[in-house]
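Peer 1: To be precise about what I am sending: the file is called query15.tsv and holds TSV, C-alpha atoms and all ligand atoms.
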chain	number	residue	atom	x	y	z
N	1	MET	CA	27.08	33.31	-3.97
N	2	SER	CA	26.86	29.65	-3.23
N	3	ARG	CA	29.33	27.23	-1.74
N	4	SER	CA	29.15	23.96	-3.60
N	5	LEU	CA	31.48	21.65	-5.45
N	6	SER	CA	29.18	21.78	-8.46
N	7	HIS	CA	30.86	24.74	-10.18
N	8	GLY	CA	32.73	23.79	-13.33
N	9	ARG	CA	31.37	21.93	-16.30
N	10	GLN	CA	28.22	19.99	-15.45
N	11	VAL	CA	28.30	16.36	-16.57
N	12	VAL	CA	25.03	14.96	-17.84
N	13	ALA	CA	24.96	11.16	-17.88
N	14	ILE	CA	21.31	10.45	-18.57
N	15	PRO	CA	20.12	7.89	-21.12
N	16	GLY	CA	19.44	10.49	-23.77
N	17	PRO	CA	19.90	13.14	-24.82
N	18	SER	CA	23.56	12.18	-24.65
N	19	ALA	CA	26.61	14.45	-24.66
N	20	ILE	CA	27.07	16.38	-27.90
N	21	PRO	CA	30.72	16.46	-29.06
N	22	ASP	CA	32.22	19.93	-29.44
N	23	ARG	CA	32.85	19.14	-33.11
N	24	VAL	CA	29.13	18.55	-33.61
N	25	LEU	CA	28.16	21.70	-31.74
N	26	ALA	CA	30.61	23.71	-33.84
N	27	ALA	CA	29.29	22.22	-37.07
N	28	MET	CA	25.82	23.46	-36.22
N	29	ASN	CA	26.91	27.04	-35.70
N	30	GLN	CA	26.28	28.28	-39.22
N	31	ALA	CA	24.04	30.76	-40.97
N	32	MET	CA	21.13	29.62	-43.16
N	33	PRO	CA	22.29	28.37	-46.57
N	34	ASN	CA	20.50	27.96	-49.86
N	35	ILE	CA	18.23	24.99	-49.26
N	36	TYR	CA	17.55	24.16	-52.93
N	37	GLU	CA	21.06	23.67	-54.27
N	38	GLY	CA	24.68	23.76	-53.17
N	39	ASP	CA	26.49	22.47	-50.08
N	40	LEU	CA	23.55	21.69	-47.88
N	41	VAL	CA	21.92	19.52	-50.52
N	42	ASP	CA	25.21	17.76	-51.22
N	43	ILE	CA	25.83	17.10	-47.53
N	44	SER	CA	22.31	15.88	-47.05
N	45	HIS	CA	22.69	13.40	-49.92
N	46	THR	CA	25.78	11.94	-48.27
N	47	LEU	CA	23.76	11.35	-45.11
N	48	PHE	CA	21.30	9.16	-46.98
N	49	GLU	CA	24.25	7.34	-48.55
N	50	ASP	CA	25.92	6.70	-45.19
N	51	LEU	CA	22.89	5.92	-43.04
N	52	PRO	CA	22.31	2.30	-44.19
N	53	ALA	CA	25.78	1.25	-42.97
N	54	ILE	CA	25.01	2.48	-39.43
N	55	ALA	CA	22.09	0.04	-39.23
N	56	ARG	CA	24.01	-2.60	-41.26
N	57	THR	CA	21.44	-2.78	-43.98
N	58	SER	CA	21.09	-2.26	-47.69
N	59	GLY	CA	17.55	-1.07	-47.01
N	60	GLU	CA	16.20	2.41	-47.54
N	61	PRO	CA	16.74	5.09	-44.87
N	62	PHE	CA	14.20	7.80	-44.07
N	63	ILE	CA	14.67	10.86	-41.87
N	64	ALA	CA	11.77	12.49	-40.09
N	65	ILE	CA	11.98	15.86	-38.38
N	66	SER	CA	10.83	14.36	-35.10
N	67	ASN	CA	11.96	12.56	-32.02
N	68	GLY	CA	11.83	8.78	-31.66
N	69	HIS	CA	8.07	8.84	-31.19
N	70	GLY	CA	7.71	10.31	-34.65
N	71	ALA	CA	9.89	7.56	-36.11
N	72	TRP	CA	7.65	4.99	-34.38
N	73	GLU	CA	4.63	6.52	-36.10
N	74	MET	CA	6.40	6.70	-39.45
N	75	ALA	CA	7.25	2.99	-39.24
N	76	LEU	CA	3.69	1.95	-38.37
N	77	THR	CA	1.74	4.13	-40.78
N	78	ASN	CA	3.84	3.25	-43.82
N	79	THR	CA	3.62	-0.51	-43.44
N	80	LEU	CA	0.25	-1.32	-41.85
N	81	SER	CA	-3.48	-0.87	-42.40
N	82	LYS	CA	-6.36	0.01	-40.14
N	83	ASN	CA	-7.24	-2.78	-37.67
N	84	ASP	CA	-4.17	-4.82	-38.53
N	85	ARG	CA	-2.93	-6.69	-35.50
N	86	VAL	CA	0.56	-6.13	-34.12
N	87	LEU	CA	2.30	-8.19	-31.47
N	88	VAL	CA	3.84	-5.89	-28.87
N	89	VAL	CA	6.67	-7.73	-27.17
N	90	GLU	CA	6.64	-6.04	-23.79
N	91	SER	CA	10.03	-5.28	-22.30
N	92	GLY	CA	10.21	-2.52	-19.75
N	93	ARG	CA	8.43	0.64	-20.86
N	94	PHE	CA	9.17	1.55	-24.44
N	95	ALA	CA	7.69	-1.34	-26.42
N	96	ALA	CA	4.41	-0.81	-24.55
N	97	ALA	CA	4.52	2.91	-25.35
N	98	TRP	CA	5.05	2.08	-29.02
N	99	GLY	CA	2.07	-0.27	-28.74
N	100	ALA	CA	-0.06	2.49	-27.19
N	101	MET	CA	0.81	4.67	-30.16
N	102	ALA	CA	-0.17	1.80	-32.47
N	103	THR	CA	-3.59	1.71	-30.81
N	104	THR	CA	-4.27	5.41	-31.35
N	105	THR	CA	-3.05	5.00	-34.92
N	106	GLY	CA	-5.85	2.50	-35.60
N	107	LEU	CA	-4.09	-0.81	-35.06
N	108	GLU	CA	-5.15	-3.66	-32.86
N	109	ILE	CA	-2.50	-4.69	-30.39
N	110	GLN	CA	-1.80	-8.03	-28.82
N	111	THR	CA	0.63	-7.77	-25.92
N	112	LEU	CA	3.12	-10.46	-25.03
N	113	PRO	CA	3.68	-9.66	-21.35
N	114	GLY	CA	7.20	-9.13	-20.07
N	115	ASP	CA	8.69	-7.88	-16.83
N	116	ASP	CA	11.09	-5.22	-15.64
N	117	ARG	CA	13.99	-7.46	-14.69
N	118	THR	CA	14.52	-9.89	-17.56
N	119	ALA	CA	14.94	-9.97	-21.33
N	120	VAL	CA	12.34	-11.12	-23.81
N	121	ASP	CA	12.18	-14.92	-24.03
N	122	PRO	CA	12.24	-15.77	-27.77
N	123	ASN	CA	10.31	-18.99	-27.03
N	124	HIS	CA	7.37	-16.89	-25.89
N	125	VAL	CA	7.47	-14.99	-29.18
N	126	GLU	CA	7.48	-18.29	-31.07
N	127	SER	CA	4.49	-19.60	-29.07
N	128	ALA	CA	2.50	-16.41	-29.62
N	129	LEU	CA	3.11	-16.63	-33.36
N	130	ARG	CA	2.31	-20.35	-33.53
N	131	ALA	CA	-1.01	-19.50	-31.88
N	132	ASP	CA	-1.79	-17.29	-34.89
N	133	PRO	CA	-2.16	-19.85	-37.72
N	134	ASN	CA	-4.12	-17.44	-39.91
N	135	HIS	CA	-1.36	-14.86	-39.72
N	136	GLN	CA	-3.49	-12.05	-38.42
N	137	ILE	CA	-0.44	-10.58	-36.73
N	138	LYS	CA	1.17	-8.31	-39.31
N	139	ALA	CA	4.10	-7.00	-37.30
N	140	VAL	CA	6.15	-7.78	-34.20
N	141	LEU	CA	7.25	-4.69	-32.25
N	142	VAL	CA	10.31	-5.13	-30.08
N	143	VAL	CA	12.98	-2.91	-28.48
N	144	GLN	CA	16.63	-3.85	-28.67
N	145	VAL	CA	17.42	-1.97	-25.47
N	146	ASP	CA	14.73	-0.81	-23.10
N	147	THR	CA	15.96	2.42	-21.62
N	148	ALA	CA	13.91	2.08	-18.43
N	149	THR	CA	15.11	-1.36	-17.34
N	150	SER	CA	18.45	-1.29	-19.23
N	151	VAL	CA	17.80	-4.74	-20.65
N	152	ARG	CA	19.22	-5.77	-24.02
N	153	ASN	CA	17.06	-8.16	-26.01
N	154	ASP	CA	18.48	-10.69	-28.45
N	155	ILE	CA	17.08	-9.52	-31.78
N	156	ALA	CA	18.67	-12.33	-33.82
N	157	ALA	CA	17.08	-14.92	-31.52
N	158	ILE	CA	13.69	-13.21	-31.81
N	159	ARG	CA	13.95	-13.39	-35.61
N	160	GLN	CA	14.88	-17.08	-35.35
N	161	ALA	CA	11.79	-17.63	-33.20
N	162	MET	CA	9.62	-15.94	-35.85
N	163	ASP	CA	11.16	-18.12	-38.55
N	164	ALA	CA	10.72	-21.24	-36.41
N	165	ALA	CA	7.00	-20.42	-36.31
N	166	SER	CA	7.09	-19.81	-40.10
N	167	HIS	CA	5.30	-16.55	-39.48
N	168	PRO	CA	5.36	-13.80	-42.13
N	169	ALA	CA	4.93	-10.79	-39.78
N	170	LEU	CA	7.32	-7.88	-40.18
N	171	LEU	CA	9.97	-7.57	-37.49
N	172	MET	CA	10.11	-3.95	-36.34
N	173	VAL	CA	12.96	-3.07	-34.01
N	174	ASP	CA	13.28	0.02	-31.82
N	175	CYS	CA	17.01	0.79	-31.69
N	176	ILE	CA	16.50	4.31	-30.37
N	177	ALA	CA	18.62	3.71	-27.26
N	178	SER	CA	21.05	1.29	-28.84
N	179	LEU	CA	22.00	2.35	-32.35
N	180	ALA	CA	25.74	3.10	-32.57
N	181	CYS	CA	26.12	1.75	-29.00
N	182	GLU	CA	25.27	-1.94	-29.31
N	183	ARG	CA	26.00	-4.27	-32.19
N	184	TYR	CA	23.00	-4.26	-34.48
N	185	GLU	CA	22.96	-6.15	-37.79
N	186	MET	CA	19.67	-5.32	-39.44
N	187	ASP	CA	20.14	-7.46	-42.56
N	188	ASP	CA	22.01	-10.38	-40.98
N	189	TRP	CA	19.63	-10.59	-38.05
N	190	GLY	CA	16.52	-10.17	-40.17
N	191	GLY	CA	15.06	-6.87	-39.04
N	192	ASP	CA	12.51	-5.56	-41.57
N	193	VAL	CA	12.02	-2.09	-40.13
N	194	THR	CA	14.44	-0.36	-37.75
N	195	VAL	CA	13.74	2.82	-35.83
N	196	ALA	CA	16.19	5.23	-34.17
N	197	GLY	CA	16.54	8.82	-33.00
N	198	SER	CA	19.34	11.36	-33.19
N	199	GLN	CA	19.97	12.11	-29.51
N	200	LYS	CA	21.39	8.90	-28.13
N	201	GLY	CA	24.22	6.93	-29.70
N	202	LEU	CA	24.27	9.25	-32.70
N	203	MET	CA	25.42	12.23	-30.58
N	204	VAL	CA	23.16	14.78	-32.28
N	205	PRO	CA	20.54	16.93	-30.51
N	206	PRO	CA	16.99	15.56	-30.38
N	207	GLY	CA	14.98	16.34	-33.48
N	208	LEU	CA	15.67	13.63	-36.04
N	209	GLY	CA	13.84	10.32	-36.26
N	210	PHE	CA	15.22	7.55	-38.47
N	211	VAL	CA	13.59	4.55	-40.09
N	212	TRP	CA	15.34	1.91	-42.20
N	213	VAL	CA	13.23	-0.42	-44.32
N	214	ASN	CA	14.12	-3.55	-46.25
N	215	GLU	CA	12.40	-4.87	-49.37
N	216	LYS	CA	9.79	-6.74	-47.39
N	217	GLY	CA	8.91	-3.54	-45.56
N	218	MET	CA	8.71	-1.63	-48.84
N	219	GLU	CA	6.43	-4.35	-50.19
N	220	ALA	CA	4.13	-3.80	-47.20
N	221	TYR	CA	4.22	-0.07	-47.94
N	222	LYS	CA	2.37	-0.67	-51.20
N	223	THR	CA	-0.81	-1.82	-49.48
N	224	ALA	CA	-0.58	0.08	-46.18
N	225	ASP	CA	-3.59	2.34	-45.75
N	226	LEU	CA	-2.55	4.28	-42.64
N	227	LYS	CA	-0.29	6.59	-44.65
N	228	THR	CA	-0.67	10.30	-43.98
N	229	GLY	CA	0.69	13.27	-45.87
N	230	TYR	CA	3.64	14.10	-43.66
N	231	TRP	CA	4.92	10.63	-42.80
N	232	ASP	CA	4.38	9.01	-46.23
N	233	TRP	CA	7.58	7.45	-47.56
N	234	GLY	CA	6.50	7.66	-51.21
N	235	PRO	CA	7.44	11.26	-52.01
N	236	ARG	CA	10.52	11.01	-49.74
N	237	ALA	CA	12.04	8.01	-51.52
N	238	GLY	CA	13.67	9.62	-54.56
N	239	LEU	CA	17.04	11.32	-54.51
N	240	GLU	CA	15.94	13.90	-57.10
N	241	GLY	CA	13.60	15.91	-54.97
N	242	HIS	CA	15.81	16.82	-52.05
N	243	TYR	CA	13.14	19.09	-50.56
N	244	LEU	CA	10.71	16.17	-50.55
N	245	ARG	CA	13.17	13.99	-48.65
N	246	TYR	CA	12.17	15.96	-45.57
N	247	CYS	CA	8.64	16.72	-46.75
N	248	GLY	CA	9.62	20.38	-46.74
N	249	THR	CA	12.43	22.56	-45.46
N	250	PRO	CA	15.36	20.43	-44.28
N	251	PRO	CA	16.37	20.51	-40.59
N	252	ILE	CA	19.49	22.45	-41.56
N	253	GLN	CA	21.38	22.52	-38.25
N	254	HIS	CA	20.65	18.85	-37.72
N	255	VAL	CA	21.94	18.00	-41.19
N	256	TYR	CA	25.27	19.65	-40.33
N	257	ALA	CA	25.30	17.99	-36.92
N	258	LEU	CA	24.56	14.52	-38.25
N	259	ARG	CA	27.21	14.85	-40.96
N	260	GLU	CA	29.83	15.69	-38.34
N	261	ALA	CA	28.68	12.93	-35.98
N	262	MET	CA	28.72	10.37	-38.78
N	263	ASP	CA	32.21	11.52	-39.76
N	264	MET	CA	33.27	10.83	-36.17
N	265	LEU	CA	31.65	7.38	-36.23
N	266	ASN	CA	33.30	6.59	-39.57
N	267	GLU	CA	36.72	7.78	-38.37
N	268	GLU	CA	36.48	5.53	-35.32
N	269	GLY	CA	34.81	2.64	-37.16
N	270	LEU	CA	31.47	1.17	-36.09
N	271	GLU	CA	33.04	-2.02	-34.72
N	272	ASN	CA	35.36	0.12	-32.57
N	273	VAL	CA	32.45	2.27	-31.43
N	274	TRP	CA	30.66	-0.88	-30.25
N	275	TRP	CA	33.86	-2.12	-28.60
N	276	ARG	CA	34.34	1.16	-26.72
N	277	HIS	CA	30.76	1.10	-25.48
N	278	GLU	CA	31.18	-2.46	-24.29
N	279	ARG	CA	34.43	-1.74	-22.45
N	280	LEU	CA	33.12	1.40	-20.78
N	281	ALA	CA	29.94	-0.45	-19.83
N	282	ASN	CA	32.10	-3.24	-18.37
N	283	ALA	CA	33.78	-0.65	-16.16
N	284	ILE	CA	30.42	0.67	-14.99
N	285	ARG	CA	29.26	-2.88	-14.29
N	286	ALA	CA	32.45	-3.58	-12.36
N	287	ALA	CA	31.66	-0.57	-10.16
N	288	VAL	CA	28.05	-1.61	-9.58
N	289	THR	CA	29.19	-5.16	-8.81
N	290	ALA	CA	31.65	-3.83	-6.22
N	291	TRP	CA	29.02	-1.55	-4.68
N	292	SER	CA	26.60	-4.49	-4.55
N	293	ALA	CA	28.82	-6.25	-2.02
N	294	GLY	CA	27.46	-3.90	0.65
N	295	GLY	CA	23.87	-4.98	0.07
N	296	ASP	CA	22.34	-1.54	-0.57
N	297	VAL	CA	22.98	-1.29	-4.31
N	298	SER	CA	22.13	-3.83	-7.02
N	299	PHE	CA	21.61	-4.27	-10.76
N	300	ASN	CA	18.08	-4.10	-12.08
N	301	ILE	CA	18.96	-6.68	-14.76
N	302	GLU	CA	20.18	-9.83	-13.05
N	303	ASP	CA	21.31	-11.76	-16.13
N	304	GLU	CA	24.76	-10.44	-17.07
N	305	GLY	CA	24.27	-11.43	-20.70
N	306	HIS	CA	21.35	-9.05	-21.09
N	307	ARG	CA	22.75	-5.88	-19.53
N	308	SER	CA	22.88	-3.04	-22.03
N	309	ASN	CA	26.08	-1.31	-23.10
N	310	ALA	CA	24.19	1.99	-23.42
N	311	VAL	CA	22.41	2.43	-20.09
N	312	THR	CA	22.51	0.85	-16.63
N	313	THR	CA	19.61	0.88	-14.19
N	314	VAL	CA	20.79	0.62	-10.59
N	315	LEU	CA	18.51	-0.19	-7.65
N	316	THR	CA	19.37	1.54	-4.38
N	317	GLY	CA	17.27	-0.38	-1.82
N	318	ASP	CA	16.62	1.86	1.17
N	319	ILE	CA	18.83	4.66	-0.12
N	320	ASP	CA	16.65	7.55	-1.31
N	321	ALA	CA	17.42	7.78	-5.02
N	322	ASN	CA	15.81	11.19	-5.42
N	323	GLU	CA	18.04	12.58	-2.69
N	324	LEU	CA	20.98	10.87	-4.36
N	325	ARG	CA	20.23	12.55	-7.67
N	326	ARG	CA	19.64	15.90	-5.96
N	327	ILE	CA	22.97	15.82	-4.13
N	328	ALA	CA	24.83	14.62	-7.22
N	329	GLU	CA	23.38	17.44	-9.31
N	330	GLN	CA	23.28	20.36	-6.90
N	331	GLU	CA	26.34	19.61	-4.84
N	332	ALA	CA	28.58	17.89	-7.37
N	333	GLY	CA	27.50	18.90	-10.88
N	334	LEU	CA	26.50	15.43	-12.08
N	335	VAL	CA	23.10	14.79	-13.63
N	336	ILE	CA	22.08	11.14	-13.65
N	337	GLY	CA	18.94	9.55	-14.99
N	338	ILE	CA	15.75	9.40	-13.00
N	339	ALA	CA	14.15	6.00	-12.55
N	340	LEU	CA	10.96	5.64	-14.56
N	341	PRO	CA	7.74	5.06	-12.57
N	342	GLY	CA	7.47	1.64	-10.96
N	343	PHE	CA	11.14	1.12	-10.17
N	344	GLY	CA	11.18	2.38	-6.57
N	345	ASN	CA	14.56	3.65	-5.41
N	346	ALA	CA	16.71	3.50	-8.52
N	347	PHE	CA	18.74	5.64	-10.87
N	348	ARG	CA	20.04	5.23	-14.39
N	349	ILE	CA	23.46	5.93	-15.81
N	350	GLY	CA	23.46	6.83	-19.49
N	351	HIS	CA	26.67	5.67	-21.17
N	352	MET	CA	25.84	6.19	-24.80
N	353	GLY	CA	27.71	8.11	-27.45
N	354	HIS	CA	30.51	10.53	-26.66
N	355	MET	CA	31.98	8.80	-23.59
N	356	ASN	CA	35.51	7.98	-22.44
N	357	PRO	CA	37.26	6.82	-19.25
N	358	PRO	CA	37.62	10.26	-17.62
N	359	LEU	CA	33.90	10.76	-18.04
N	360	VAL	CA	32.95	7.29	-16.87
N	361	LEU	CA	35.35	7.33	-13.89
N	362	GLY	CA	34.21	10.84	-13.02
N	363	VAL	CA	30.58	9.77	-13.06
N	364	LEU	CA	31.31	6.66	-10.99
N	365	GLY	CA	33.51	8.53	-8.51
N	366	THR	CA	30.88	11.20	-8.01
N	367	LEU	CA	28.17	8.57	-7.56
N	368	GLU	CA	30.36	6.72	-5.07
N	369	ALA	CA	30.90	9.91	-3.05
N	370	THR	CA	27.17	10.61	-3.10
N	371	LEU	CA	26.30	7.06	-2.08
N	372	LEU	CA	28.77	7.32	0.81
N	373	ARG	CA	27.27	10.66	1.83
N	374	LEU	CA	23.90	8.93	2.09
N	375	GLY	CA	25.33	6.19	4.29
N	376	ALA	CA	25.35	3.39	1.73
N	377	ARG	CA	27.42	0.40	2.82
N	378	LEU	CA	30.20	0.14	0.25
N	379	PRO	CA	32.85	-2.24	1.55
N	380	GLU	CA	34.61	-2.13	-1.82
N	381	SER	CA	35.31	0.86	-4.03
N	382	GLY	CA	33.39	0.78	-7.29
N	383	VAL	CA	35.75	3.34	-8.81
N	384	GLY	CA	38.72	1.15	-7.97
N	385	ALA	CA	37.03	-1.83	-9.57
N	386	ALA	CA	36.19	0.22	-12.67
N	387	ALA	CA	39.78	1.45	-13.01
N	388	ALA	CA	41.11	-2.09	-12.66
N	389	CYS	CA	38.64	-3.22	-15.29
N	390	LEU	CA	39.69	-0.50	-17.73
N	391	ALA	CA	43.39	-1.13	-17.18
N	392	SER	CA	43.36	-4.21	-19.40
N	393	ASP	CA	41.73	-2.22	-22.22
N	394	LEU	CA	44.53	0.33	-22.38
N	395	ALA	CA	46.93	-0.81	-25.08
N	396	LYS	CA	50.63	-0.70	-24.18
N	397	ALA	CA	53.43	0.05	-26.58
N	398	GLU	CA	55.01	-3.13	-27.91
B	1	LIG	C1	14.44	7.46	-25.94
B	1	LIG	C2	13.67	6.27	-26.39
B	1	LIG	C3	12.43	6.38	-27.04
B	1	LIG	C4	11.74	7.68	-27.21
B	1	LIG	O1	12.43	8.57	-28.01
B	1	LIG	P1	11.98	10.08	-28.07
B	1	LIG	O2	13.01	10.72	-28.91
B	1	LIG	O3	11.95	10.59	-26.66
B	1	LIG	O4	10.63	10.13	-28.69
B	1	LIG	C5	11.85	5.23	-27.50
B	1	LIG	N1	12.41	4.03	-27.33
B	1	LIG	C6	13.58	3.88	-26.69
B	1	LIG	C7	14.16	2.51	-26.53
B	1	LIG	C8	14.24	4.99	-26.19
B	1	LIG	O5	15.40	4.86	-25.55
What does the file become when written as structure tokens?
Peer 2:
Amino acid sequence: MSRSLSHGRQVVAIPGPSAIPDRVLAAMNQAMPNIYEGDLVDISHTLFEDLPAIARTSGEPFIAISNGHGAWEMALTNTLSKNDRVLVVESGRFAAAWGAMATTTGLEIQTLPGDDRTAVDPNHVESALRADPNHQIKAVLVVQVDTATSVRNDIAAIRQAMDAASHPALLMVDCIASLACERYEMDDWGGDVTVAGSQKGLMVPPGLGFVWVNEKGMEAYKTADLKTGYWDWGPRAGLEGHYLRYCGTPPIQHVYALREAMDMLNEEGLENVWWRHERLANAIRAAVTAWSAGGDVSFNIEDEGHRSNAVTTVLTGDIDANELRRIAEQEAGLVIGIALPGFGNAFRIGHMGHMNPPLVLGVLGTLEATLLRLGARLPESGVGAAAACLASDLAKAE
């Protein structure tokens, strides 16, 4: 027996894996089908048909049975050759981790340093590329949203910077945290290779990695010499050999899950999905702004224009963030994201995917109670501010 308010359904608001809709969970609950013909193959084909629209591209989609790290490797090995140089545009933690993987894959990395509080400055990208007149840099690796800092980088501006330097490198974008949360226009913005995973905005359990490639990326594929048997796009590219699409047995439960999740995204409409994420993120930001008035709590990302709609990193000053997370989880049934190393007292709220006002207000209210329990000075209610913010987004009957 234990006395605690945490009984009831636990709410997990970490920046991935995100909440799985009941519809998606139910879709997965099926026995093994024939994997060579019939429904599964038909459903799987529709996934490949629908995937380009999610990244706003006419490029080719690939699915790896992997997490995001696997998709990173798939992107690198299919487009680059041993000792090629890549420019890693540092932004928080994840671009650097992608760069570290590039190193072990046989690439040479050049790092454009960034920091944990601000977005990538496109002018720095332009300067780095102008300093490479012989075009030794073959690819630029950048994250749209860094999940550690909660910064959102301006991908269109980074492409413009590359064009301003007249540099032919491929633009490779990590949208793992942001796809189906933040607006992303692969073709319009000039992404050549886009990477994502299933467990964030796409509302599917971890286990699928996605890569989208445009013609320029497919051209690079022809000469890339880092290809390996499993990741190689070549055998996966045709629609005839369904089995080869996954380089073997399909991830059956994930195929069902992704179909259901994409149906949900299509029913809502991608523009509306982005709108909902923005509005819910506005409510969360209204709460953090209100809390900030007391001086204990603050945003990690100072520039409002670069705060992500998928995740928010909150600094808690002298308030012990580990104790905050412990109380929230054990006493109140709310799991919030741990700060990644180097952030001091901080926590992260994941607000990607299957989220709505009751969830967001519940998360904020529980955090507010926990902050108060720890003695944080909160002269204004964050929950009140969030509710006021959401009020204008609730449509009234005419
Ligand atoms: C989650 C995440 C990753 C890593 O994805 P895994 O599925 O854990 O391998 C990479 N980049 C970003 C921006 C992420 O949010």
Peer 1: Compute the set of protein, DNA and RNA residues whose minimum atom distance to ligand LIG 1 (chain B) is at most 7 Å, using all atoms listed in the file, and state it as a ChimeraX atom specification.
Peer 2: /N:16,67-70,94,143,145-147,174-177,197,206
Peer 1: Need to verify the contact set: Arg159 in chain N, 7 Å, all atoms listed in the file, exclusion of same-chain residues closer than 4 positions in sequence. Can you return it as number ranges by chain?
Peer 2: N: 155, 163, 189-190
Peer 1: Measuring between all atoms listed in the file, which one of N:Thr366, N:Ser292, N:Asn345, N:Asn356 shows the shortest distance to His277 in chain N?
Peer 2: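 Among the listed residues, the smallest separation from His277 in chain N belongs to N:Asn356.
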Peer 1: One decimal, Å: what's the distance from CA of Ile301 in chain N over to CA of Arg117 in chain N, could you say?
Peer 2: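 Between CA of Ile301 in chain N and CA of Arg117 in chain N the gap is 5.0 Å.
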Peer 1: Using all atoms listed in the file, which of N:Ala376, N:Val297, N:Ala71, N:Ala286 sits nearest Cys389 in chain N?
Peer 2: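 Using all atoms listed in the file, Cys389 in chain N sits closest to N:Ala286.
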